[in-house]
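Student: Input structure: final.csv, which contains CSV, C-alpha atoms and all ligand atoms.
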```
chain,number,residue,atom,x,y,z
A,51,MET,CA,14.4,11.0,-36.2
A,52,LEU,CA,10.6,11.0,-36.6
A,53,VAL,CA,8.2,13.9,-37.0
A,54,VAL,CA,4.4,13.9,-36.8
A,55,ARG,CA,3.2,17.0,-38.6
A,56,GLY,CA,-0.2,18.8,-38.6
A,57,ALA,CA,-2.2,16.4,-36.4
A,58,LEU,CA,-4.7,17.6,-33.8
A,59,VAL,CA,-2.8,17.0,-30.6
A,60,VAL,CA,-4.7,15.8,-27.5
A,61,ASP,CA,-1.8,15.8,-25.1
A,62,GLY,CA,-3.2,13.9,-22.1
A,63,THR,CA,-2.9,16.9,-19.7
A,64,GLY,CA,-6.5,18.1,-20.3
A,65,ALA,CA,-5.3,21.1,-22.2
A,66,ARG,CA,-7.2,22.4,-25.2
A,67,PRO,CA,-6.3,20.4,-28.3
A,68,GLY,CA,-4.5,22.2,-31.1
A,69,LEU,CA,-2.8,21.5,-34.4
A,70,ALA,CA,0.9,20.8,-33.8
A,71,THR,CA,4.1,19.2,-34.9
A,72,VAL,CA,5.9,16.7,-32.7
A,73,VAL,CA,9.6,15.9,-33.1
A,74,ILE,CA,11.0,12.6,-31.8
A,75,GLU,CA,14.6,11.9,-31.2
A,76,ASP,CA,16.4,9.0,-29.5
A,77,GLY,CA,13.0,7.6,-28.3
A,78,ARG,CA,11.8,10.8,-26.7
A,79,ILE,CA,9.8,13.8,-27.6
A,80,SER,CA,12.3,16.5,-28.3
A,81,ALA,CA,10.0,19.3,-29.4
A,82,ILE,CA,6.3,20.1,-29.8
A,83,GLY,CA,4.7,23.3,-31.1
A,84,PRO,CA,2.6,24.9,-33.8
A,85,ASP,CA,3.6,23.7,-37.3
A,86,ALA,CA,5.0,27.0,-38.4
A,87,ARG,CA,7.3,27.3,-35.4
A,88,ILE,CA,8.9,23.8,-35.6
A,89,THR,CA,11.8,23.3,-38.1
A,90,ILE,CA,11.7,19.7,-39.4
A,91,PRO,CA,15.2,18.3,-39.0
A,92,LYS,CA,17.0,17.1,-42.1
A,93,GLY,CA,16.7,13.4,-42.7
A,94,ALA,CA,13.7,13.0,-40.5
A,95,THR,CA,10.8,10.6,-41.4
A,96,VAL,CA,7.7,12.7,-41.5
A,97,ILE,CA,4.2,11.4,-40.8
A,98,GLU,CA,1.5,13.7,-42.2
A,99,GLY,CA,-1.2,14.0,-39.6
A,100,ASP,CA,-3.9,16.1,-41.3
A,101,GLY,CA,-7.4,14.8,-40.4
A,102,HIS,CA,-5.9,12.7,-37.6
A,103,THR,CA,-5.5,13.0,-33.9
A,104,LEU,CA,-2.2,12.4,-32.0
A,105,LEU,CA,-2.6,11.1,-28.4
A,106,PRO,CA,-0.3,9.6,-25.9
A,107,GLY,CA,-0.3,5.8,-26.2
A,108,LEU,CA,-3.2,4.5,-24.1
A,109,ILE,CA,-2.5,2.9,-20.7
A,110,ASP,CA,-4.6,0.0,-19.5
A,111,CYS,CA,-4.2,-0.6,-15.7
A,112,HIS,CA,-6.0,-3.9,-15.6
A,113,ILE,CA,-5.6,-6.7,-18.1
A,114,HIS,CA,-4.8,-10.4,-18.1
A,115,TYR,CA,-2.7,-11.7,-20.9
A,116,CYS,CA,-3.5,-15.3,-19.9
A,117,LEU,CA,-7.2,-14.9,-20.4
A,118,ASP,CA,-8.7,-15.4,-23.9
A,119,ALA,CA,-12.0,-13.5,-23.6
A,120,GLY,CA,-14.0,-16.8,-24.0
A,121,PRO,CA,-17.3,-17.3,-22.3
A,122,ASP,CA,-15.7,-18.9,-19.2
A,123,SER,CA,-12.1,-17.6,-19.6
A,124,LEU,CA,-11.1,-17.9,-16.0
A,125,ARG,CA,-12.1,-21.5,-15.5
A,126,SER,CA,-10.9,-22.5,-19.0
A,127,LEU,CA,-7.4,-21.1,-18.1
A,128,GLU,CA,-7.2,-23.6,-15.3
A,129,GLN,CA,-7.9,-26.4,-17.8
A,130,ASP,CA,-5.7,-25.2,-20.7
A,131,ASP,CA,-2.2,-26.6,-21.4
A,132,PRO,CA,0.1,-23.8,-19.9
A,133,THR,CA,2.1,-23.8,-23.1
A,134,VAL,CA,-1.0,-23.0,-25.1
A,135,THR,CA,-1.8,-20.3,-22.6
A,136,ALA,CA,1.7,-18.8,-23.1
A,137,VAL,CA,1.2,-18.8,-26.9
A,138,LYS,CA,-2.2,-17.1,-26.5
A,139,ALA,CA,-0.6,-14.5,-24.2
A,140,VAL,CA,1.9,-13.6,-26.9
A,141,THR,CA,-0.9,-13.0,-29.4
A,142,HIS,CA,-2.8,-11.0,-26.8
A,143,ALA,CA,0.2,-8.7,-26.2
A,144,ARG,CA,0.5,-8.0,-29.9
A,145,ALA,CA,-3.2,-7.3,-30.3
A,146,THR,CA,-3.1,-4.9,-27.4
A,147,LEU,CA,-0.3,-2.9,-28.9
A,148,GLU,CA,-2.0,-2.8,-32.3
A,149,GLY,CA,-5.1,-1.5,-30.6
A,150,GLY,CA,-3.2,1.6,-29.5
A,151,VAL,CA,-2.4,0.5,-25.9
A,152,THR,CA,1.3,1.0,-25.3
A,153,THR,CA,1.4,0.3,-21.6
A,154,VAL,CA,-0.5,-2.2,-19.5
A,155,ARG,CA,-0.6,-3.7,-16.0
A,156,ASP,CA,-1.3,-7.4,-15.9
A,157,VAL,CA,-2.9,-8.0,-12.6
A,158,GLY,CA,-3.0,-11.8,-12.4
A,159,SER,CA,-1.7,-14.6,-14.5
A,160,ARG,CA,-1.3,-18.3,-14.2
A,161,ASP,CA,2.2,-19.8,-13.4
A,162,HIS,CA,3.8,-16.3,-13.9
A,163,ILE,CA,3.3,-16.8,-17.6
A,164,SER,CA,2.7,-13.0,-18.1
A,165,ILE,CA,6.1,-12.3,-16.5
A,166,SER,CA,7.8,-14.6,-19.0
A,167,VAL,CA,5.9,-13.0,-21.9
A,168,THR,CA,6.9,-9.5,-20.6
A,169,ARG,CA,10.6,-10.6,-20.5
A,170,ALA,CA,10.3,-11.6,-24.2
A,171,ILE,CA,8.7,-8.2,-25.0
A,172,ARG,CA,11.5,-6.3,-23.1
A,173,ALA,CA,14.1,-8.3,-24.9
A,174,GLY,CA,12.6,-7.3,-28.3
A,175,ILE,CA,11.7,-10.9,-29.2
A,176,ILE,CA,8.0,-10.3,-29.6
A,177,PRO,CA,5.9,-7.1,-29.9
A,178,GLY,CA,3.9,-5.9,-27.0
A,179,PRO,CA,3.1,-3.0,-24.7
A,180,ARG,CA,5.4,-1.9,-21.8
A,181,THR,CA,4.0,-4.3,-19.2
A,182,LEU,CA,4.0,-4.2,-15.4
A,183,ASN,CA,3.0,-7.6,-13.8
A,184,ALA,CA,1.4,-8.6,-10.5
A,185,GLY,CA,2.3,-12.3,-10.9
A,186,LEU,CA,-0.2,-14.4,-9.1
A,187,ALA,CA,-3.1,-12.7,-7.5
A,188,ILE,CA,-3.0,-13.2,-3.7
A,189,CYS,CA,-6.3,-14.5,-2.2
A,190,MET,CA,-7.6,-16.3,0.8
A,191,THR,CA,-8.1,-20.1,0.6
A,192,GLY,CA,-11.0,-20.6,-1.7
A,193,GLY,CA,-11.1,-16.9,-2.5
A,194,HIS,CA,-11.8,-15.3,-5.9
A,195,ALA,CA,-9.6,-16.8,-8.6
A,196,TRP,CA,-8.0,-19.3,-6.2
A,197,PHE,CA,-7.5,-21.9,-8.9
A,198,ILE,CA,-4.9,-19.7,-10.6
A,199,GLY,CA,-4.0,-17.4,-7.7
A,200,ARG,CA,-1.8,-17.8,-4.6
A,201,GLN,CA,-4.1,-19.0,-1.7
A,202,THR,CA,-3.0,-17.8,1.7
A,203,ASP,CA,-3.8,-18.6,5.4
A,204,GLY,CA,-3.2,-15.6,7.7
A,205,MET,CA,-0.9,-12.6,7.9
A,206,ASP,CA,2.4,-14.5,7.8
A,207,ASP,CA,1.4,-16.4,4.7
A,208,VAL,CA,0.2,-13.2,3.0
A,209,VAL,CA,3.7,-11.7,3.6
A,210,LYS,CA,5.3,-14.8,2.2
A,211,ALA,CA,3.0,-14.7,-0.8
A,212,VAL,CA,4.1,-11.1,-1.5
A,213,GLN,CA,7.8,-12.1,-1.2
A,214,GLU,CA,7.2,-15.0,-3.7
A,215,GLN,CA,5.7,-12.6,-6.3
A,216,VAL,CA,8.6,-10.2,-5.9
A,217,ARG,CA,11.0,-13.1,-6.3
A,218,ALA,CA,9.3,-14.2,-9.5
A,219,GLY,CA,9.6,-10.7,-11.0
A,220,ALA,CA,6.4,-8.9,-10.0
A,221,ASP,CA,6.4,-5.1,-10.4
A,222,VAL,CA,3.2,-4.7,-8.5
A,223,ILE,CA,1.1,-6.8,-6.0
A,224,LYS,CA,-2.5,-7.7,-6.4
A,225,PHE,CA,-4.8,-8.7,-3.5
A,226,ILE,CA,-8.3,-10.2,-3.6
A,227,ALA,CA,-10.4,-8.2,-1.1
A,228,THR,CA,-13.8,-9.6,-2.1
A,229,GLY,CA,-15.5,-12.4,-4.0
A,230,GLY,CA,-15.7,-12.2,-7.8
A,231,VAL,CA,-18.0,-12.8,-10.8
A,232,LEU,CA,-16.1,-15.6,-12.5
A,233,THR,CA,-15.4,-17.8,-9.4
A,234,PRO,CA,-18.3,-20.1,-8.6
A,235,GLY,CA,-19.3,-20.0,-4.9
A,236,THR,CA,-17.9,-16.6,-4.1
A,237,SER,CA,-20.1,-13.5,-3.7
A,238,PRO,CA,-18.8,-10.2,-5.1
A,239,GLY,CA,-20.2,-8.3,-2.2
A,240,ALA,CA,-18.5,-10.4,0.5
A,241,ALA,CA,-15.1,-9.3,2.0
A,242,GLN,CA,-12.3,-11.9,1.7
A,243,LEU,CA,-8.7,-11.1,2.8
A,244,THR,CA,-9.1,-9.3,6.2
A,245,LEU,CA,-8.0,-5.7,7.1
A,246,GLU,CA,-5.1,-7.2,9.1
A,247,GLU,CA,-4.0,-9.5,6.2
A,248,LEU,CA,-4.2,-6.6,3.7
A,249,THR,CA,-2.3,-4.3,6.0
A,250,ALA,CA,0.5,-6.8,6.5
A,251,GLY,CA,0.6,-7.4,2.7
A,252,VAL,CA,0.7,-3.7,1.8
A,253,ALA,CA,3.6,-3.2,4.3
A,254,GLU,CA,5.6,-6.0,2.8
A,255,ALA,CA,4.9,-4.7,-0.7
A,256,ALA,CA,6.1,-1.3,0.4
A,257,ARG,CA,9.3,-2.8,1.8
A,258,ALA,CA,10.0,-4.2,-1.6
A,259,GLY,CA,9.1,-0.8,-3.3
A,260,ARG,CA,6.0,-2.3,-5.0
A,261,ARG,CA,2.6,-0.7,-5.3
A,262,VAL,CA,-0.6,-2.6,-4.6
A,263,ALA,CA,-3.9,-3.1,-6.5
A,264,ALA,CA,-6.9,-4.7,-4.7
A,265,HIS,CA,-9.8,-6.5,-6.4
A,266,ALA,CA,-13.0,-5.3,-4.6
A,267,HIS,CA,-16.6,-5.2,-5.7
A,268,GLY,CA,-18.3,-5.0,-2.2
A,269,ALA,CA,-18.0,-1.9,0.0
A,270,GLU,CA,-16.7,-3.7,3.1
A,271,GLY,CA,-13.7,-5.3,1.4
A,272,MET,CA,-13.1,-2.1,-0.6
A,273,LYS,CA,-12.8,-0.1,2.7
A,274,ASN,CA,-10.5,-2.7,4.2
A,275,ALA,CA,-8.2,-2.4,1.2
A,276,ILE,CA,-8.2,1.4,1.2
A,277,ARG,CA,-7.6,1.6,4.9
A,278,ALA,CA,-4.7,-0.9,4.4
A,279,GLY,CA,-3.2,1.6,2.0
A,280,VAL,CA,-3.6,0.0,-1.4
A,281,HIS,CA,-3.0,2.3,-4.4
A,282,SER,CA,-6.0,1.2,-6.5
A,283,ILE,CA,-9.3,-0.5,-6.1
A,284,GLU,CA,-10.1,-2.7,-9.1
A,285,HIS,CA,-13.8,-2.7,-10.1
A,286,GLY,CA,-15.2,-0.8,-7.0
A,287,THR,CA,-18.6,-1.8,-8.2
A,288,LEU,CA,-20.6,-1.5,-5.0
A,289,LEU,CA,-18.9,1.5,-3.5
A,290,ASP,CA,-21.0,3.6,-1.0
A,291,ASP,CA,-20.6,7.1,0.4
A,292,GLU,CA,-18.2,6.1,3.1
A,293,ALA,CA,-16.0,4.4,0.5
A,294,ILE,CA,-16.0,7.5,-1.6
A,295,GLU,CA,-14.8,9.5,1.5
A,296,LEU,CA,-12.0,7.0,2.0
A,297,PHE,CA,-11.0,7.2,-1.7
A,298,LEU,CA,-10.8,11.0,-1.4
A,299,THR,CA,-8.9,11.1,1.9
A,300,HIS,CA,-6.4,8.4,0.9
A,301,GLY,CA,-6.0,9.5,-2.7
A,302,THR,CA,-6.7,6.0,-3.8
A,303,PHE,CA,-7.4,5.4,-7.5
A,304,LEU,CA,-10.5,3.6,-8.8
A,305,VAL,CA,-10.0,1.3,-11.9
A,306,PRO,CA,-13.6,0.8,-12.8
A,307,THR,CA,-13.3,-2.1,-15.5
A,308,LEU,CA,-16.7,-1.2,-16.9
A,309,SER,CA,-16.1,-3.5,-19.9
A,310,ALA,CA,-15.8,-6.6,-17.8
A,311,ILE,CA,-19.2,-6.4,-16.1
A,312,GLN,CA,-21.0,-4.8,-19.0
A,313,SER,CA,-19.7,-7.3,-21.6
A,314,GLY,CA,-21.1,-10.0,-19.4
A,315,CYS,CA,-24.4,-8.3,-19.1
A,316,GLU,CA,-24.6,-7.7,-22.9
A,317,MET,CA,-23.4,-11.0,-24.2
A,318,GLY,CA,-23.1,-13.5,-21.4
A,319,LYS,CA,-26.4,-15.3,-21.7
A,320,GLN,CA,-26.4,-16.0,-25.5
A,321,GLY,CA,-22.6,-16.3,-25.5
A,322,GLY,CA,-22.5,-19.3,-23.2
A,323,MET,CA,-21.2,-17.7,-20.0
A,324,PRO,CA,-22.0,-19.9,-16.9
A,325,ASP,CA,-25.4,-19.0,-15.4
A,326,TYR,CA,-23.8,-18.0,-12.0
A,327,ALA,CA,-21.5,-15.5,-13.8
A,328,VAL,CA,-24.4,-14.1,-15.9
A,329,GLN,CA,-26.5,-13.6,-12.8
A,330,LYS,CA,-23.7,-11.9,-10.9
A,331,SER,CA,-22.9,-9.6,-13.9
A,332,VAL,CA,-26.5,-8.6,-14.2
A,333,ALA,CA,-26.8,-7.9,-10.5
A,334,LEU,CA,-23.7,-5.7,-10.6
A,335,GLY,CA,-24.2,-4.1,-14.0
A,336,GLY,CA,-27.0,-1.7,-13.1
A,337,GLU,CA,-25.3,-0.7,-9.8
A,338,GLN,CA,-22.0,0.0,-11.6
A,339,LYS,CA,-23.6,2.6,-13.8
A,340,LYS,CA,-24.7,4.6,-10.7
A,341,THR,CA,-21.6,4.1,-8.6
A,342,PHE,CA,-19.2,5.0,-11.4
A,343,LEU,CA,-21.0,8.3,-12.0
A,344,LYS,CA,-21.1,9.0,-8.3
A,345,ALA,CA,-17.3,8.5,-8.1
A,346,VAL,CA,-16.7,10.7,-11.1
A,347,LYS,CA,-18.8,13.5,-9.6
A,348,ALA,CA,-17.2,13.2,-6.2
A,349,GLY,CA,-13.7,13.7,-7.8
A,350,VAL,CA,-12.3,10.2,-7.1
A,351,ARG,CA,-9.1,9.7,-9.1
A,352,ILE,CA,-9.9,7.3,-11.9
A,353,ALA,CA,-7.5,5.3,-14.1
A,354,MET,CA,-8.6,3.3,-17.1
A,355,GLY,CA,-8.6,-0.5,-16.8
A,356,THR,CA,-10.6,-3.0,-18.9
A,357,ASP,CA,-10.1,-6.4,-17.3
A,358,ALA,CA,-9.3,-7.5,-20.9
A,359,GLY,CA,-9.4,-11.2,-21.3
A,360,THR,CA,-12.6,-11.7,-19.3
A,361,PRO,CA,-15.6,-13.0,-21.2
A,362,PHE,CA,-16.3,-11.0,-24.5
A,363,ASN,CA,-13.7,-8.4,-23.5
A,364,PRO,CA,-11.0,-9.1,-26.0
A,365,HIS,CA,-7.4,-7.8,-26.0
A,366,GLY,CA,-7.0,-5.1,-28.6
A,367,ARG,CA,-10.4,-3.6,-28.1
A,368,ASN,CA,-9.3,-2.1,-24.8
A,369,ALA,CA,-10.5,1.4,-25.8
A,370,GLN,CA,-14.1,0.2,-25.6
A,371,GLU,CA,-13.6,1.2,-22.0
A,372,LEU,CA,-13.4,4.8,-22.9
A,373,ARG,CA,-16.6,4.6,-24.8
A,374,ARG,CA,-18.3,3.1,-21.8
A,375,MET,CA,-16.8,5.7,-19.5
A,376,VAL,CA,-18.4,8.4,-21.7
A,377,GLU,CA,-21.7,6.6,-21.9
A,378,PHE,CA,-21.8,6.4,-18.1
A,379,GLY,CA,-21.1,10.1,-17.6
A,380,MET,CA,-17.5,11.2,-18.2
A,381,THR,CA,-16.6,13.7,-20.8
A,382,PRO,CA,-14.5,12.4,-23.7
A,383,MET,CA,-11.5,14.5,-22.4
A,384,GLN,CA,-11.9,13.0,-18.9
A,385,ALA,CA,-11.9,9.5,-20.4
A,386,VAL,CA,-8.7,10.3,-22.4
A,387,GLU,CA,-7.0,11.6,-19.2
A,388,ALA,CA,-8.0,8.5,-17.3
A,389,ALA,CA,-6.4,6.4,-20.0
A,390,THR,CA,-3.2,8.5,-20.2
A,391,HIS,CA,-2.0,10.9,-17.5
A,392,SER,CA,-4.0,9.4,-14.6
A,393,ALA,CA,-3.1,5.8,-15.5
A,394,ALA,CA,0.5,6.8,-15.8
A,395,THR,CA,0.3,8.4,-12.3
A,396,LEU,CA,-1.3,5.3,-10.8
A,397,LEU,CA,1.6,3.2,-12.2
A,398,GLY,CA,4.2,5.6,-11.0
A,399,LEU,CA,5.3,6.4,-14.6
A,400,GLU,CA,4.0,9.9,-14.9
A,401,ASN,CA,7.4,11.4,-15.4
A,402,GLU,CA,8.0,9.2,-18.4
A,403,LEU,CA,4.6,8.4,-19.9
A,404,GLY,CA,1.0,9.6,-20.3
A,405,THR,CA,1.4,13.0,-21.8
A,406,ILE,CA,2.8,14.5,-25.0
A,407,GLU,CA,5.5,16.8,-23.6
A,408,ALA,CA,9.1,17.5,-24.5
A,409,GLY,CA,11.4,15.0,-22.6
A,410,LYS,CA,8.8,12.2,-22.3
A,411,GLN,CA,9.1,8.8,-23.8
A,412,ALA,CA,7.7,8.9,-27.3
A,413,ASP,CA,4.8,6.4,-26.9
A,414,LEU,CA,2.1,7.9,-29.2
A,415,ILE,CA,-0.9,6.9,-31.3
A,416,LEU,CA,-2.2,8.6,-34.4
A,417,VAL,CA,-5.9,7.9,-35.0
A,418,ASN,CA,-8.4,8.7,-37.8
A,419,GLY,CA,-10.7,11.5,-36.9
A,420,ASN,CA,-11.2,13.2,-33.5
A,421,PRO,CA,-12.0,11.0,-30.5
A,422,LEU,CA,-13.2,14.0,-28.6
A,423,ASP,CA,-16.1,14.2,-31.1
A,424,ASP,CA,-16.6,10.4,-31.3
A,425,ILE,CA,-14.9,8.5,-28.5
A,426,ALA,CA,-16.1,5.1,-30.0
A,427,LEU,CA,-13.7,5.4,-32.9
A,428,LEU,CA,-10.8,4.6,-30.6
A,429,GLN,CA,-12.1,1.1,-29.9
A,430,GLU,CA,-11.6,0.0,-33.6
A,431,PRO,CA,-8.0,-1.1,-34.1
A,432,LYS,CA,-8.3,-0.1,-37.8
A,433,ASN,CA,-8.7,3.6,-36.7
A,434,VAL,CA,-5.4,3.5,-34.9
A,435,VAL,CA,-3.2,4.1,-38.0
A,436,TYR,CA,0.1,4.6,-36.3
A,437,VAL,CA,1.5,3.2,-33.0
A,438,ILE,CA,4.8,4.7,-31.9
A,439,GLN,CA,6.6,3.1,-29.0
A,440,GLY,CA,9.8,4.5,-27.6
A,441,GLY,CA,10.1,6.5,-30.8
A,442,ARG,CA,9.8,3.5,-33.1
A,443,ILE,CA,6.9,2.9,-35.5
A,444,VAL,CA,5.4,-0.4,-34.4
A,445,LYS,CA,2.2,-0.1,-36.4
A,446,GLY,CA,1.6,1.9,-39.5
A,447,GLU,CA,2.4,2.1,-43.2
A,448,ALA,CA,5.9,3.1,-43.8
A,449,GLY,CA,4.8,4.2,-47.3
A,450,SER,CA,2.5,6.9,-46.0
A,451,SER,CA,5.3,8.7,-44.3
A,452,THR,CA,8.0,10.5,-46.3
A,453,ARG,CA,11.7,10.9,-45.7
A,454,ARG,CA,13.1,14.4,-45.8
B,501,ZN,ZN,-9.1,-8.8,-13.4
```
Show this structure as structure tokens.
Tutor:
Amino acid sequence: MLVVRGALVVDGTGARPGLATVVIEDGRISAIGPDARITIPKGATVIEGDGHTLLPGLIDCHIHYCLDAGPDSLRSLEQDDPTVTAVKAVTHARATLEGGVTTVRDVGSRDHISISVTRAIRAGIIPGPRTLNAGLAICMTGGHAWFIGRQTDGMDDVVKAVQEQVRAGADVIKFIATGGVLTPGTSPGAAQLTLEELTAGVAEAARAGRRVAAHAHGAEGMKNAIRAGVHSIEHGTLLDDEAIELFLTHGTFLVPTLSAIQSGCEMGKQGGMPDYAVQKSVALGGEQKKTFLKAVKAGVRIAMGTDAGTPFNPHGRNAQELRRMVEFGMTPMQAVEAATHSAATLLGLENELGTIEAGKQADLILVNGNPLDDIALLQEPKNVVYVIQGGRIVKGEAGSSTRR
């Protein structure tokens, strides 16, 4: 039994934070309430939370365990020895968990490596977040990320590609609806898979009970994907008014991945990112600031996703995305909700994860200070003093807790 006492609790629901004690039994939250009202069970391990904030474990809806955040990480993945990539992916999973992220969605790996890594996490062989996988991203021939994705030719082949990912163990399906930054010769604004192909793919995913994420920067491809019925648009950088209307009427989530584009803008040139990728990042970077705020103001549902593993966007610093969300116009509370309750809802896990409520899985983080006063503190792994996953302490000094 585990108890966190006296921390400021930001519970993920948007409710006003307050000091509380949280009791964890059998991997789940069994009680939460003001310190005076909760009796601490005999034999429980108690973590003293004074001066700290307790939040739901963060959820990142867009990462790539296979990518190492180097200056040309997508192309270098193609050239790396797959065994080395697998070893890197193991270290990335651990870093992510230690950064306070207890659930992720990997939306594209090479050779299904992320699915294998996830199996090792689920078996308890290596530490890592709860992970949903897309397997290979499904694109058109020569489409964005083709050199590690599954290239398709027409509707029938898209359907087959979906079936292949399900067979390999994918929990979710990822389509490429426009060009991308890190693939030479593709334009982020240009539509790729067609409306018909996307519709056929979404229908096949639905038959298998899988949700769908679509990579889209440009408005045309984004609208195709929303009309086809995808659950989330990844990036959404060049959305226009019509796209916003579609987001709202379909209830589609936006996963903005500000960190991917903005890290490229800030560090790409001096860091050795290829010129074409720097140019595309800079062209998208200014637009993203405006379109993100527009989407927030319009009330588009937003779930946090970093694109961790893309250049200068390392695993473990995922919470830099919350800092950027706030810099670009969200309140700190909105950013926390995007990374907890909203993200859990996009993943279909809102009954189990994303808020601190009795009955939910005990995935929790205890951080130094108050992120609602300074959201940037979350991005430093050293400020995440405890990570609790399914009721188990997976990061934190056992010595600073006491046994009753
Ligand atoms: Zn990505």
Student: Check which residues fall inside 10 Å of ligand ZN 501 (chain B) when counting only C-alpha atoms and all ligand atoms, and print them as a short mmCIF file (atom, residue, chain, number, x, y, z; two decimals) with C-alpha atoms, in the coordinates of the input.
Tutor:
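Written file, out_20.cif:
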```
data_model
loop_
_atom_site.label_atom_id
_atom_site.label_comp_id
_atom_site.auth_asym_id
_atom_site.auth_seq_id
_atom_site.Cartn_x
_atom_site.Cartn_y
_atom_site.Cartn_z
CA CYS A 111 -4.20 -0.60 -15.70
CA HIS A 112 -6.00 -3.90 -15.60
CA ILE A 113 -5.60 -6.70 -18.10
CA HIS A 114 -4.80 -10.40 -18.10
CA LEU A 117 -7.20 -14.90 -20.40
CA LEU A 124 -11.10 -17.90 -16.00
CA ASP A 156 -1.30 -7.40 -15.90
CA VAL A 157 -2.90 -8.00 -12.60
CA GLY A 158 -3.00 -11.80 -12.40
CA SER A 159 -1.70 -14.60 -14.50
CA ALA A 187 -3.10 -12.70 -7.50
CA ALA A 195 -9.60 -16.80 -8.60
CA LYS A 224 -2.50 -7.70 -6.40
CA ILE A 226 -8.30 -10.20 -3.60
CA GLY A 230 -15.70 -12.20 -7.80
CA LEU A 232 -16.10 -15.60 -12.50
CA ALA A 264 -6.90 -4.70 -4.70
CA HIS A 265 -9.80 -6.50 -6.40
CA GLU A 284 -10.10 -2.70 -9.10
CA HIS A 285 -13.80 -2.70 -10.10
CA THR A 307 -13.30 -2.10 -15.50
CA ALA A 310 -15.80 -6.60 -17.80
CA GLY A 355 -8.60 -0.50 -16.80
CA THR A 356 -10.60 -3.00 -18.90
CA ASP A 357 -10.10 -6.40 -17.30
CA ALA A 358 -9.30 -7.50 -20.90
CA GLY A 359 -9.40 -11.20 -21.30
CA THR A 360 -12.60 -11.70 -19.30
#
```
Student: Report, in Å to a single decimal, how far apart CA of Leu308 (chain A) and CA of Val376 (chain A) are.
Tutor: 10.9 Å
Student: May I ask which of the residues A:Ala143, A:Arg261, A:Val252, A:Glu292 is the closest one to Lys273 (chain A), counting only C-alpha atoms?
Tutor: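 Residue with the minimum atom-to-atom distance to Lys273 (chain A): A:Glu292.
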Student: So the first atom is CA of Lys319 (chain A) and the second is CA of Gly335 (chain A); what is the distance between them in Å, to one decimal place?
Tutor: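 So the two atoms, CA of Lys319 (chain A) and CA of Gly335 (chain A), lie 13.8 Å apart.
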Student: Would you work out the distance separating CA of Ser126 (chain A) from CA of Gly150 (chain A), expressed in Å to one decimal?
Tutor: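 These atoms are spaced 27.4 Å apart.
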Student: Excluding same-chain residues fewer than 4 positions from Glu447 (chain A), what lies within 10 Å of it counting only C-alpha atoms, as a PyMOL selection string?
Tutor: chain A and resi 97+435-436+443+451
Student: Can you list, as a ChimeraX atom specification, every protein, DNA or RNA residue that comes within 12 Å of Gly192 (chain A) when you count all atoms listed in the file, leaving out same-chain residues fewer than 6 positions away?
Tutor: /A:198-203,226,228-230,233-237,242-243
Student: With distances taken over all atoms listed in the file, which residue among A:Ala327, A:Ala136, A:Leu248, A:Ile175 lies nearest Gly204 (chain A)?
Tutor: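 Checking each of A:Ala327, A:Ala136, A:Leu248, A:Ile175 against Gly204 (chain A), counting all atoms listed in the file, the winner is A:Leu248.
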Student: List the neighbours of Ala258 (chain A) out to 12 Å using only C-alpha atoms; skip same-chain residues closer than 5 positions along the sequence, and give me the result as a PyMOL selection string.
Tutor: chain A and resi 209+212-217+219-223+251-253
Student: Counting all atoms listed in the file, what are the residues of region 91-203 of chain A within 12 Å of region 409-420 of chain A, and for each of them which pair of atoms is the nearest and at what distance in Å, to one decimal? Sort the table by chain and rising number, as JSON lines.
Tutor:
```
{"residue": "A:Ile97", "atom": "CA", "partner": "A:Leu416", "partner_atom": "CA", "distance": 9.5}
{"residue": "A:Glu98", "atom": "CA", "partner": "A:Leu416", "partner_atom": "CA", "distance": 10.0}
{"residue": "A:Gly99", "atom": "CA", "partner": "A:Leu416", "partner_atom": "CA", "distance": 7.6}
{"residue": "A:Asp100", "atom": "CA", "partner": "A:Gly419", "partner_atom": "CA", "distance": 9.3}
{"residue": "A:Gly101", "atom": "CA", "partner": "A:Gly419", "partner_atom": "CA", "distance": 5.8}
{"residue": "A:His102", "atom": "CA", "partner": "A:Asn418", "partner_atom": "CA", "distance": 4.7}
{"residue": "A:Thr103", "atom": "CA", "partner": "A:Val417", "partner_atom": "CA", "distance": 5.2}
{"residue": "A:Leu104", "atom": "CA", "partner": "A:Leu416", "partner_atom": "CA", "distance": 4.5}
{"residue": "A:Leu105", "atom": "CA", "partner": "A:Ile415", "partner_atom": "CA", "distance": 5.4}
{"residue": "A:Pro106", "atom": "CA", "partner": "A:Leu414", "partner_atom": "CA", "distance": 4.4}
{"residue": "A:Gly107", "atom": "CA", "partner": "A:Leu414", "partner_atom": "CA", "distance": 4.4}
{"residue": "A:Leu108", "atom": "CA", "partner": "A:Ile415", "partner_atom": "CA", "distance": 7.9}
{"residue": "A:Ile109", "atom": "CA", "partner": "A:Asp413", "partner_atom": "CA", "distance": 10.2}
{"residue": "A:Leu147", "atom": "CA", "partner": "A:Ile415", "partner_atom": "CA", "distance": 10.1}
{"residue": "A:Glu148", "atom": "CA", "partner": "A:Ile415", "partner_atom": "CA", "distance": 9.8}
{"residue": "A:Gly149", "atom": "CA", "partner": "A:Ile415", "partner_atom": "CA", "distance": 9.4}
{"residue": "A:Gly150", "atom": "CA", "partner": "A:Ile415", "partner_atom": "CA", "distance": 6.1}
{"residue": "A:Val151", "atom": "CA", "partner": "A:Ile415", "partner_atom": "CA", "distance": 8.5}
{"residue": "A:Thr152", "atom": "CA", "partner": "A:Asp413", "partner_atom": "CA", "distance": 6.6}
{"residue": "A:Thr153", "atom": "CA", "partner": "A:Asp413", "partner_atom": "CA", "distance": 8.8}
{"residue": "A:Pro179", "atom": "CA", "partner": "A:Asp413", "partner_atom": "CA", "distance": 9.8}
{"residue": "A:Arg180", "atom": "CA", "partner": "A:Asp413", "partner_atom": "CA", "distance": 9.8}
```
